[in-house]
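Novice: This is work02.cif, which holds mmCIF, N, CA and C atoms:
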data_work
#
loop_
_atom_site.label_atom_id
_atom_site.label_comp_id
_atom_site.auth_asym_id
_atom_site.auth_seq_id
_atom_site.Cartn_x
_atom_site.Cartn_y
_atom_site.Cartn_z
N MET A 25 14.49 11.37 -65.35
CA MET A 25 15.84 11.52 -65.86
C MET A 25 16.55 12.61 -65.06
N SER A 26 17.78 12.33 -64.66
CA SER A 26 18.53 13.31 -63.87
C SER A 26 19.19 14.34 -64.78
N ALA A 27 19.53 15.45 -64.17
CA ALA A 27 20.16 16.54 -64.92
C ALA A 27 21.55 16.11 -65.37
N PRO A 28 21.98 16.57 -66.53
CA PRO A 28 23.32 16.22 -66.99
C PRO A 28 24.39 16.82 -66.08
N VAL A 29 25.53 16.12 -66.01
CA VAL A 29 26.66 16.61 -65.21
C VAL A 29 27.87 16.74 -66.13
N GLY A 30 28.78 17.60 -65.75
CA GLY A 30 30.04 17.73 -66.47
C GLY A 30 31.02 16.67 -66.02
N ILE A 31 32.12 16.55 -66.74
CA ILE A 31 33.10 15.52 -66.43
C ILE A 31 33.72 15.71 -65.05
N ASP A 32 33.95 16.95 -64.63
CA ASP A 32 34.54 17.17 -63.31
C ASP A 32 33.63 16.65 -62.20
N GLU A 33 32.34 16.92 -62.32
CA GLU A 33 31.40 16.42 -61.32
C GLU A 33 31.29 14.90 -61.39
N LEU A 34 31.30 14.35 -62.58
CA LEU A 34 31.24 12.90 -62.72
C LEU A 34 32.46 12.25 -62.05
N LEU A 35 33.64 12.79 -62.30
CA LEU A 35 34.84 12.25 -61.66
C LEU A 35 34.74 12.33 -60.14
N GLU A 36 34.24 13.44 -59.64
CA GLU A 36 34.08 13.61 -58.18
C GLU A 36 33.12 12.56 -57.62
N ARG A 37 32.02 12.34 -58.29
CA ARG A 37 31.05 11.35 -57.84
C ARG A 37 31.63 9.95 -57.85
N VAL A 38 32.31 9.60 -58.93
CA VAL A 38 32.91 8.27 -59.05
C VAL A 38 33.96 8.07 -57.97
N ARG A 39 34.82 9.06 -57.78
CA ARG A 39 35.90 8.95 -56.80
C ARG A 39 35.39 8.84 -55.37
N ALA A 40 34.19 9.33 -55.13
CA ALA A 40 33.61 9.23 -53.79
C ALA A 40 33.23 7.78 -53.46
N GLY A 41 33.20 6.93 -54.48
CA GLY A 41 32.78 5.54 -54.29
C GLY A 41 33.89 4.58 -53.92
N TYR A 42 35.12 5.01 -53.92
CA TYR A 42 36.24 4.16 -53.54
C TYR A 42 37.43 5.02 -53.15
N THR A 43 38.45 4.39 -52.58
CA THR A 43 39.65 5.11 -52.16
C THR A 43 40.72 4.96 -53.24
N ARG A 44 41.18 6.09 -53.74
CA ARG A 44 42.26 6.09 -54.73
C ARG A 44 43.58 5.82 -54.01
N ILE A 45 44.61 5.54 -54.79
CA ILE A 45 45.88 5.15 -54.18
C ILE A 45 47.02 6.01 -54.73
N ALA A 46 47.92 6.42 -53.86
CA ALA A 46 49.08 7.24 -54.23
C ALA A 46 50.17 6.33 -54.80
N PRO A 47 51.13 6.91 -55.52
CA PRO A 47 52.17 6.10 -56.17
C PRO A 47 52.92 5.13 -55.25
N ARG A 48 53.44 5.61 -54.15
CA ARG A 48 54.21 4.71 -53.27
C ARG A 48 53.33 3.62 -52.68
N ALA A 49 52.10 3.95 -52.36
CA ALA A 49 51.16 2.95 -51.85
C ALA A 49 50.81 1.93 -52.94
N ALA A 50 50.76 2.38 -54.19
CA ALA A 50 50.49 1.46 -55.31
C ALA A 50 51.64 0.48 -55.46
N ARG A 51 52.84 0.97 -55.30
CA ARG A 51 54.01 0.08 -55.40
C ARG A 51 53.97 -0.97 -54.29
N GLU A 52 53.64 -0.54 -53.08
CA GLU A 52 53.51 -1.49 -51.96
C GLU A 52 52.38 -2.49 -52.22
N ALA A 53 51.27 -2.00 -52.77
CA ALA A 53 50.15 -2.90 -53.10
C ALA A 53 50.60 -3.95 -54.12
N PHE A 54 51.41 -3.53 -55.10
CA PHE A 54 51.95 -4.47 -56.08
C PHE A 54 52.77 -5.55 -55.39
N PHE A 55 53.64 -5.14 -54.47
CA PHE A 55 54.46 -6.12 -53.74
C PHE A 55 53.60 -7.05 -52.88
N ASP A 56 52.40 -6.58 -52.52
CA ASP A 56 51.47 -7.39 -51.74
C ASP A 56 50.51 -8.19 -52.62
N GLY A 57 50.72 -8.17 -53.95
CA GLY A 57 49.91 -9.00 -54.83
C GLY A 57 48.91 -8.28 -55.72
N ALA A 58 48.83 -6.95 -55.62
CA ALA A 58 47.90 -6.22 -56.49
C ALA A 58 48.37 -6.27 -57.93
N LEU A 59 47.43 -6.18 -58.83
CA LEU A 59 47.71 -6.14 -60.25
C LEU A 59 47.72 -4.69 -60.71
N LEU A 60 48.87 -4.21 -61.18
CA LEU A 60 48.96 -2.87 -61.75
C LEU A 60 48.62 -2.98 -63.23
N VAL A 61 47.67 -2.17 -63.69
CA VAL A 61 47.21 -2.25 -65.07
C VAL A 61 47.38 -0.89 -65.75
N ASP A 62 48.27 -0.85 -66.71
CA ASP A 62 48.58 0.37 -67.45
C ASP A 62 47.67 0.45 -68.67
N ILE A 63 46.78 1.45 -68.70
CA ILE A 63 45.84 1.60 -69.82
C ILE A 63 46.25 2.72 -70.77
N ARG A 64 47.44 3.28 -70.59
CA ARG A 64 47.88 4.36 -71.49
C ARG A 64 48.02 3.84 -72.91
N TYR A 65 47.82 4.73 -73.86
CA TYR A 65 47.97 4.30 -75.24
C TYR A 65 49.45 4.18 -75.60
N GLN A 66 49.71 3.45 -76.66
CA GLN A 66 51.06 3.05 -77.03
C GLN A 66 52.04 4.20 -77.15
N ALA A 67 51.63 5.30 -77.76
CA ALA A 67 52.55 6.43 -77.95
C ALA A 67 53.06 6.96 -76.61
N LEU A 68 52.22 7.00 -75.59
CA LEU A 68 52.66 7.46 -74.27
C LEU A 68 53.60 6.46 -73.62
N ARG A 69 53.30 5.19 -73.79
CA ARG A 69 54.20 4.17 -73.23
C ARG A 69 55.57 4.24 -73.89
N GLU A 70 55.57 4.43 -75.20
CA GLU A 70 56.84 4.53 -75.92
C GLU A 70 57.61 5.78 -75.52
N ARG A 71 56.89 6.88 -75.32
CA ARG A 71 57.54 8.14 -74.96
C ARG A 71 58.08 8.13 -73.54
N ASP A 72 57.27 7.64 -72.59
CA ASP A 72 57.60 7.79 -71.18
C ASP A 72 58.10 6.54 -70.49
N GLY A 73 57.90 5.38 -71.08
CA GLY A 73 58.34 4.14 -70.46
C GLY A 73 57.22 3.39 -69.77
N LEU A 74 57.62 2.34 -69.07
CA LEU A 74 56.67 1.43 -68.42
C LEU A 74 57.00 1.26 -66.94
N ILE A 75 56.01 0.90 -66.18
CA ILE A 75 56.21 0.55 -64.78
C ILE A 75 56.54 -0.94 -64.73
N PRO A 76 57.70 -1.29 -64.18
CA PRO A 76 58.06 -2.71 -64.12
C PRO A 76 56.99 -3.53 -63.40
N GLY A 77 56.57 -4.61 -64.03
CA GLY A 77 55.57 -5.50 -63.44
C GLY A 77 54.13 -5.16 -63.78
N ALA A 78 53.91 -3.97 -64.30
CA ALA A 78 52.54 -3.60 -64.69
C ALA A 78 52.13 -4.35 -65.95
N VAL A 79 50.87 -4.71 -66.02
CA VAL A 79 50.31 -5.36 -67.20
C VAL A 79 49.73 -4.26 -68.08
N VAL A 80 50.06 -4.30 -69.36
CA VAL A 80 49.52 -3.32 -70.30
C VAL A 80 48.23 -3.89 -70.90
N VAL A 81 47.14 -3.14 -70.72
CA VAL A 81 45.85 -3.51 -71.30
C VAL A 81 45.26 -2.24 -71.89
N GLU A 82 45.07 -2.24 -73.19
CA GLU A 82 44.46 -1.06 -73.82
C GLU A 82 43.11 -0.79 -73.17
N ARG A 83 42.77 0.47 -73.02
CA ARG A 83 41.53 0.84 -72.34
C ARG A 83 40.31 0.17 -72.96
N ASN A 84 40.28 0.07 -74.28
CA ASN A 84 39.10 -0.52 -74.93
C ASN A 84 38.99 -2.03 -74.73
N GLU A 85 39.99 -2.66 -74.11
CA GLU A 85 39.94 -4.09 -73.83
C GLU A 85 39.86 -4.40 -72.33
N LEU A 86 39.90 -3.36 -71.51
CA LEU A 86 40.06 -3.55 -70.07
C LEU A 86 39.02 -4.49 -69.47
N GLU A 87 37.76 -4.22 -69.69
CA GLU A 87 36.71 -5.03 -69.07
C GLU A 87 36.78 -6.49 -69.52
N TRP A 88 37.08 -6.72 -70.79
CA TRP A 88 37.16 -8.08 -71.30
C TRP A 88 38.34 -8.83 -70.71
N ARG A 89 39.43 -8.13 -70.46
CA ARG A 89 40.64 -8.78 -69.94
C ARG A 89 40.59 -9.00 -68.43
N LEU A 90 39.81 -8.21 -67.71
CA LEU A 90 39.80 -8.34 -66.25
C LEU A 90 38.53 -8.97 -65.68
N ASP A 91 37.55 -9.23 -66.50
CA ASP A 91 36.33 -9.89 -66.03
C ASP A 91 36.67 -11.34 -65.67
N PRO A 92 36.62 -11.72 -64.39
CA PRO A 92 36.98 -13.08 -63.99
C PRO A 92 36.10 -14.15 -64.64
N GLN A 93 34.93 -13.76 -65.12
CA GLN A 93 34.03 -14.72 -65.75
C GLN A 93 34.12 -14.69 -67.28
N GLY A 94 34.94 -13.80 -67.82
CA GLY A 94 35.01 -13.61 -69.26
C GLY A 94 35.89 -14.62 -69.97
N SER A 95 35.55 -14.89 -71.21
CA SER A 95 36.32 -15.85 -71.99
C SER A 95 37.64 -15.27 -72.50
N HIS A 96 37.80 -13.96 -72.44
CA HIS A 96 39.03 -13.31 -72.93
C HIS A 96 39.87 -12.73 -71.79
N ARG A 97 39.65 -13.21 -70.59
CA ARG A 97 40.34 -12.67 -69.42
C ARG A 97 41.82 -13.01 -69.42
N LEU A 98 42.57 -12.16 -68.73
CA LEU A 98 43.98 -12.42 -68.48
C LEU A 98 44.11 -13.56 -67.46
N PRO A 99 45.21 -14.28 -67.46
CA PRO A 99 45.40 -15.32 -66.45
C PRO A 99 45.37 -14.75 -65.03
N GLN A 100 45.75 -13.48 -64.87
CA GLN A 100 45.76 -12.87 -63.54
C GLN A 100 44.35 -12.54 -63.04
N ALA A 101 43.37 -12.52 -63.91
CA ALA A 101 41.98 -12.17 -63.53
C ALA A 101 41.33 -13.39 -62.89
N THR A 102 41.74 -13.66 -61.67
CA THR A 102 41.38 -14.90 -61.00
C THR A 102 40.08 -14.85 -60.21
N GLY A 103 39.60 -13.67 -59.90
CA GLY A 103 38.38 -13.58 -59.11
C GLY A 103 38.00 -12.14 -58.85
N HIS A 104 36.80 -11.96 -58.32
CA HIS A 104 36.28 -10.62 -58.08
C HIS A 104 36.95 -9.92 -56.90
N ASP A 105 37.73 -10.67 -56.13
CA ASP A 105 38.42 -10.08 -54.98
C ASP A 105 39.81 -9.56 -55.35
N LEU A 106 40.17 -9.66 -56.62
CA LEU A 106 41.47 -9.21 -57.09
C LEU A 106 41.65 -7.72 -56.84
N ARG A 107 42.78 -7.36 -56.28
CA ARG A 107 43.13 -5.94 -56.08
C ARG A 107 43.74 -5.45 -57.39
N VAL A 108 43.10 -4.46 -58.00
CA VAL A 108 43.54 -3.90 -59.28
C VAL A 108 43.79 -2.41 -59.10
N VAL A 109 44.94 -1.95 -59.60
CA VAL A 109 45.25 -0.52 -59.61
C VAL A 109 45.38 -0.12 -61.08
N VAL A 110 44.42 0.68 -61.55
CA VAL A 110 44.43 1.12 -62.94
C VAL A 110 45.26 2.39 -63.06
N ILE A 111 46.10 2.43 -64.10
CA ILE A 111 47.02 3.54 -64.29
C ILE A 111 46.84 4.12 -65.68
N CYS A 112 46.51 5.40 -65.75
CA CYS A 112 46.49 6.12 -67.02
C CYS A 112 47.63 7.13 -66.98
N ASN A 113 47.60 8.12 -67.81
CA ASN A 113 48.71 9.07 -67.84
C ASN A 113 48.71 10.03 -66.66
N GLU A 114 47.54 10.62 -66.36
CA GLU A 114 47.48 11.62 -65.29
C GLU A 114 46.42 11.36 -64.23
N GLY A 115 45.73 10.24 -64.29
CA GLY A 115 44.78 9.90 -63.25
C GLY A 115 43.35 10.32 -63.49
N TYR A 116 42.97 10.53 -64.73
CA TYR A 116 41.58 10.88 -65.05
C TYR A 116 40.84 9.71 -65.69
N ALA A 117 41.35 9.23 -66.81
CA ALA A 117 40.70 8.10 -67.50
C ALA A 117 40.68 6.86 -66.61
N SER A 118 41.70 6.73 -65.76
CA SER A 118 41.75 5.57 -64.87
C SER A 118 40.62 5.57 -63.85
N THR A 119 40.14 6.74 -63.49
CA THR A 119 39.00 6.82 -62.57
C THR A 119 37.77 6.18 -63.18
N LEU A 120 37.48 6.54 -64.42
CA LEU A 120 36.32 5.96 -65.10
C LEU A 120 36.51 4.48 -65.36
N ALA A 121 37.75 4.08 -65.64
CA ALA A 121 38.04 2.66 -65.85
C ALA A 121 37.83 1.87 -64.56
N ALA A 122 38.28 2.41 -63.44
CA ALA A 122 38.08 1.73 -62.15
C ALA A 122 36.60 1.59 -61.83
N ALA A 123 35.82 2.63 -62.15
CA ALA A 123 34.37 2.56 -61.92
C ALA A 123 33.76 1.45 -62.75
N SER A 124 34.23 1.29 -63.97
CA SER A 124 33.73 0.23 -64.83
C SER A 124 34.06 -1.14 -64.26
N LEU A 125 35.25 -1.28 -63.69
CA LEU A 125 35.62 -2.55 -63.06
C LEU A 125 34.76 -2.83 -61.83
N HIS A 126 34.43 -1.78 -61.09
CA HIS A 126 33.51 -1.95 -59.96
C HIS A 126 32.17 -2.49 -60.44
N ALA A 127 31.70 -1.97 -61.56
CA ALA A 127 30.42 -2.42 -62.12
C ALA A 127 30.47 -3.90 -62.49
N LEU A 128 31.67 -4.42 -62.80
CA LEU A 128 31.84 -5.84 -63.10
C LEU A 128 31.99 -6.68 -61.84
N GLY A 129 31.99 -6.04 -60.69
CA GLY A 129 32.12 -6.77 -59.43
C GLY A 129 33.52 -6.81 -58.86
N LEU A 130 34.47 -6.14 -59.50
CA LEU A 130 35.84 -6.08 -58.97
C LEU A 130 35.89 -4.97 -57.92
N HIS A 131 35.39 -5.29 -56.74
CA HIS A 131 35.14 -4.30 -55.70
C HIS A 131 36.42 -3.71 -55.10
N ARG A 132 37.56 -4.31 -55.36
CA ARG A 132 38.83 -3.79 -54.83
C ARG A 132 39.60 -2.99 -55.88
N ALA A 133 38.99 -2.73 -57.01
CA ALA A 133 39.65 -1.93 -58.05
C ALA A 133 39.76 -0.48 -57.61
N THR A 134 40.86 0.13 -57.96
CA THR A 134 41.10 1.54 -57.68
C THR A 134 41.94 2.11 -58.82
N ASP A 135 42.32 3.38 -58.68
CA ASP A 135 43.21 3.95 -59.69
C ASP A 135 44.30 4.76 -59.00
N LEU A 136 45.35 5.00 -59.76
CA LEU A 136 46.52 5.69 -59.26
C LEU A 136 46.31 7.19 -59.35
N THR A 137 46.30 7.85 -58.20
CA THR A 137 46.17 9.31 -58.15
C THR A 137 47.34 9.94 -58.91
N GLY A 138 47.03 10.76 -59.91
CA GLY A 138 48.07 11.41 -60.69
C GLY A 138 48.63 10.56 -61.82
N GLY A 139 48.22 9.30 -61.89
CA GLY A 139 48.62 8.43 -62.99
C GLY A 139 50.11 8.17 -63.08
N PHE A 140 50.50 7.74 -64.27
CA PHE A 140 51.90 7.42 -64.53
C PHE A 140 52.81 8.60 -64.24
N GLN A 141 52.35 9.81 -64.56
CA GLN A 141 53.19 10.99 -64.34
C GLN A 141 53.52 11.17 -62.87
N ALA A 142 52.57 10.88 -61.99
CA ALA A 142 52.83 10.98 -60.54
C ALA A 142 53.80 9.88 -60.09
N TRP A 143 53.65 8.69 -60.67
CA TRP A 143 54.56 7.59 -60.36
C TRP A 143 55.99 8.00 -60.71
N LYS A 144 56.15 8.53 -61.91
CA LYS A 144 57.48 8.95 -62.39
C LYS A 144 58.02 10.09 -61.53
N ALA A 145 57.18 11.07 -61.21
CA ALA A 145 57.60 12.21 -60.40
C ALA A 145 58.01 11.80 -58.99
N ALA A 146 57.43 10.69 -58.50
CA ALA A 146 57.78 10.19 -57.18
C ALA A 146 59.12 9.45 -57.19
N GLY A 147 59.74 9.33 -58.37
CA GLY A 147 61.03 8.66 -58.46
C GLY A 147 60.95 7.15 -58.42
N LEU A 148 59.76 6.62 -58.69
CA LEU A 148 59.58 5.16 -58.68
C LEU A 148 60.09 4.58 -59.99
N PRO A 149 60.39 3.28 -60.02
CA PRO A 149 61.02 2.68 -61.19
C PRO A 149 60.18 2.79 -62.48
N VAL A 150 60.90 3.11 -63.55
CA VAL A 150 60.34 3.16 -64.90
C VAL A 150 61.38 2.54 -65.82
N VAL A 151 60.91 1.73 -66.76
CA VAL A 151 61.82 1.13 -67.73
C VAL A 151 61.41 1.54 -69.13
N PRO A 152 62.35 1.56 -70.07
CA PRO A 152 61.98 1.92 -71.45
C PRO A 152 60.96 0.94 -72.02
N ALA A 153 60.11 1.44 -72.89
CA ALA A 153 59.09 0.60 -73.53
C ALA A 153 59.75 -0.35 -74.50
#
Since I need it in another form, could you write the structure as structure tokens?
Specialist:
Amino acid sequence: MSAPVGIDELLERVRAGYTRIAPRAAREAFFDGALLVDIRYQALRERDGLIPGAVVVERNELEWRLDPQGSHRLPQATGHDLRVVVICNEGYASTLAAASLHALGLHRATDLTGGFQAWKAAGLPVVPA
């Protein structure tokens, strides 16, 4: 059994396994066909708004909705080669979510560095919830 790690070390280890994406690059990825997935909880979406075109999937449903082999998948979950950008509020929970998608075989999954707040700070489009 390995020694326990703290959350900061766990995030560092997980992030070393894939390349995260900055807000403007995420927007370009969306225009190139990537699926933006907002996992923020409802109160944050209502408070801060939504990213146009992003699909809202509660974090506790993420794996079921994006598993291309799952019976509860979204229509967009067409295959394991799908480019997915997971978005949380500040870019922490999305890291763990992206790692979970990798474990399901979605090898192109990543997360948005800085989360929704970085998207908004970059002046990218946001619409009311």
Novice: Could you list, as number ranges by chain, every residue within 6 Å of region 62-72 of chain A, counting all atoms listed in the file and ignoring same-chain residues fewer than 4 positions away?
Specialist: A: 78-83, 110-113, 153
Novice: Hey, can you check how far CA of Thr137 (chain A) sits from CA of Thr119 (chain A)?
Specialist: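 For CA of Thr137 (chain A) relative to CA of Thr119 (chain A), the distance reads 8.8 Å.
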Novice: So which residues of chain A fall under strand (DSSP E or B) by DSSP, listed as a list in words?
Specialist: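 Checking each residue of chain A, the strand (DSSP E or B) ones are Ile45, Leu59, Leu60, Val61, Asp62, Leu74, Val79, Val80, Val108, Val109, Val110, Ile111, Thr134, Asp135, Leu136 and Val151 of chain A.
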Novice: Write out the residues from the selection above, keeping N, CA and C atoms, as a compact mmCIF listing (two decimals), in the coordinates of the input.
Specialist:
# COMPACT_ATOMS: atom_id res chain seq x y z
N ILE A 45 44.61 5.54 -54.79
CA ILE A 45 45.88 5.15 -54.18
C ILE A 45 47.02 6.01 -54.73
N LEU A 59 47.43 -6.18 -58.83
CA LEU A 59 47.71 -6.14 -60.25
C LEU A 59 47.72 -4.69 -60.71
N LEU A 60 48.87 -4.21 -61.18
CA LEU A 60 48.96 -2.87 -61.75
C LEU A 60 48.62 -2.98 -63.23
N VAL A 61 47.67 -2.17 -63.69
CA VAL A 61 47.21 -2.25 -65.07
C VAL A 61 47.38 -0.89 -65.75
N ASP A 62 48.27 -0.85 -66.71
CA ASP A 62 48.58 0.37 -67.45
C ASP A 62 47.67 0.45 -68.67
N LEU A 74 57.62 2.34 -69.07
CA LEU A 74 56.67 1.43 -68.42
C LEU A 74 57.00 1.26 -66.94
N VAL A 79 50.87 -4.71 -66.02
CA VAL A 79 50.31 -5.36 -67.20
C VAL A 79 49.73 -4.26 -68.08
N VAL A 80 50.06 -4.30 -69.36
CA VAL A 80 49.52 -3.32 -70.30
C VAL A 80 48.23 -3.89 -70.90
N VAL A 108 43.10 -4.46 -58.00
CA VAL A 108 43.54 -3.90 -59.28
C VAL A 108 43.79 -2.41 -59.10
N VAL A 109 44.94 -1.95 -59.60
CA VAL A 109 45.25 -0.52 -59.61
C VAL A 109 45.38 -0.12 -61.08
N VAL A 110 44.42 0.68 -61.55
CA VAL A 110 44.43 1.12 -62.94
C VAL A 110 45.26 2.39 -63.06
N ILE A 111 46.10 2.43 -64.10
CA ILE A 111 47.02 3.54 -64.29
C ILE A 111 46.84 4.12 -65.68
N THR A 134 40.86 0.13 -57.96
CA THR A 134 41.10 1.54 -57.68
C THR A 134 41.94 2.11 -58.82
N ASP A 135 42.32 3.38 -58.68
CA ASP A 135 43.21 3.95 -59.69
C ASP A 135 44.30 4.76 -59.00
N LEU A 136 45.35 5.00 -59.76
CA LEU A 136 46.52 5.69 -59.26
C LEU A 136 46.31 7.19 -59.35
N VAL A 151 60.91 1.73 -66.76
CA VAL A 151 61.82 1.13 -67.73
C VAL A 151 61.41 1.54 -69.13
Novice: Calculated over all atoms listed in the file, which of the candidates A:Leu90, A:Val29, A:Ala146, A:Leu60 has the smallest distance to Leu128 (chain A)?
Specialist: A:Leu90
Novice: Return the single residue from A:Asp105, A:Ile45, A:Ser118, A:Leu125 that is closest to Arg89 (chain A), with distances computed using only C-alpha atoms.
Specialist: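 Distance minimum relative to Arg89 (chain A) lands on A:Leu125.
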Novice: Within 12 Å of Pro76 (chain A), counting only C-alpha atoms, which residues show up once you throw out same-chain ones fewer than 4 positions away? Write them as a ChimeraX atom specification, please.
Specialist: /A:51,54-55,59-62,80,140,143-144,148-153
Novice: For Ala123 (chain A), list every protein, DNA or RNA residue within 10 Å, evaluated using only C-alpha atoms, and leave out those in the same chain fewer than 5 positions away; present the list as a list in words.
Specialist: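 So the residues in contact are Leu35, Val38, Arg39, Gly41, Tyr42, Ser118, Leu128, Gly129, Leu130, His131, Ala133, Thr134 and Asp135 of chain A.
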Novice: Could you work out how far atom C of Ala117 (chain A) lies from CA of Arg97 (chain A), giving the answer in Å with one decimal?
Specialist: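 It comes out at 19.7 Å.
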Novice: Using only C-alpha atoms, find the one residue out of A:Leu74, A:Leu120, A:Ala49, A:Leu136 that sits nearest to Arg37 (chain A).
Specialist: A:Leu120
Novice: When DSSP works through the backbone of this structure, what residues of chain A end up as alpha helix (DSSP H), shown as a ChimeraX atom specification?
Specialist: /A:31-39,47-55,66-72,86-90,117-127,139-145
Novice: Please, what distance in Å, to one decimal, runs between atom C of Gly138 (chain A) and atom C of Gly115 (chain A)?
Specialist: 5.5 Å
Novice: Quick one: of A:Pro92, A:Ala121, A:Glu114, A:Glu36, who's nearest to Gln141 (chain A), counting all atoms listed in the file?
Specialist: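 Answer, going by the shortest atom-to-atom distance: A:Glu114.
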Novice: So which one's closest to Gly139 (chain A), A:Gly57, A:Pro28, A:Gly73, A:Pro47? Using only C-alpha atoms, please.
Specialist: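 Answer, going by the shortest atom-to-atom distance: A:Pro47.
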Novice: Quick one: of A:Ile75, A:Glu87, A:Arg107, A:Gln100, who's nearest to Gly147 (chain A), counting only C-alpha atoms?
Specialist: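 With only C-alpha atoms as the atom set, the closest residue is A:Ile75.
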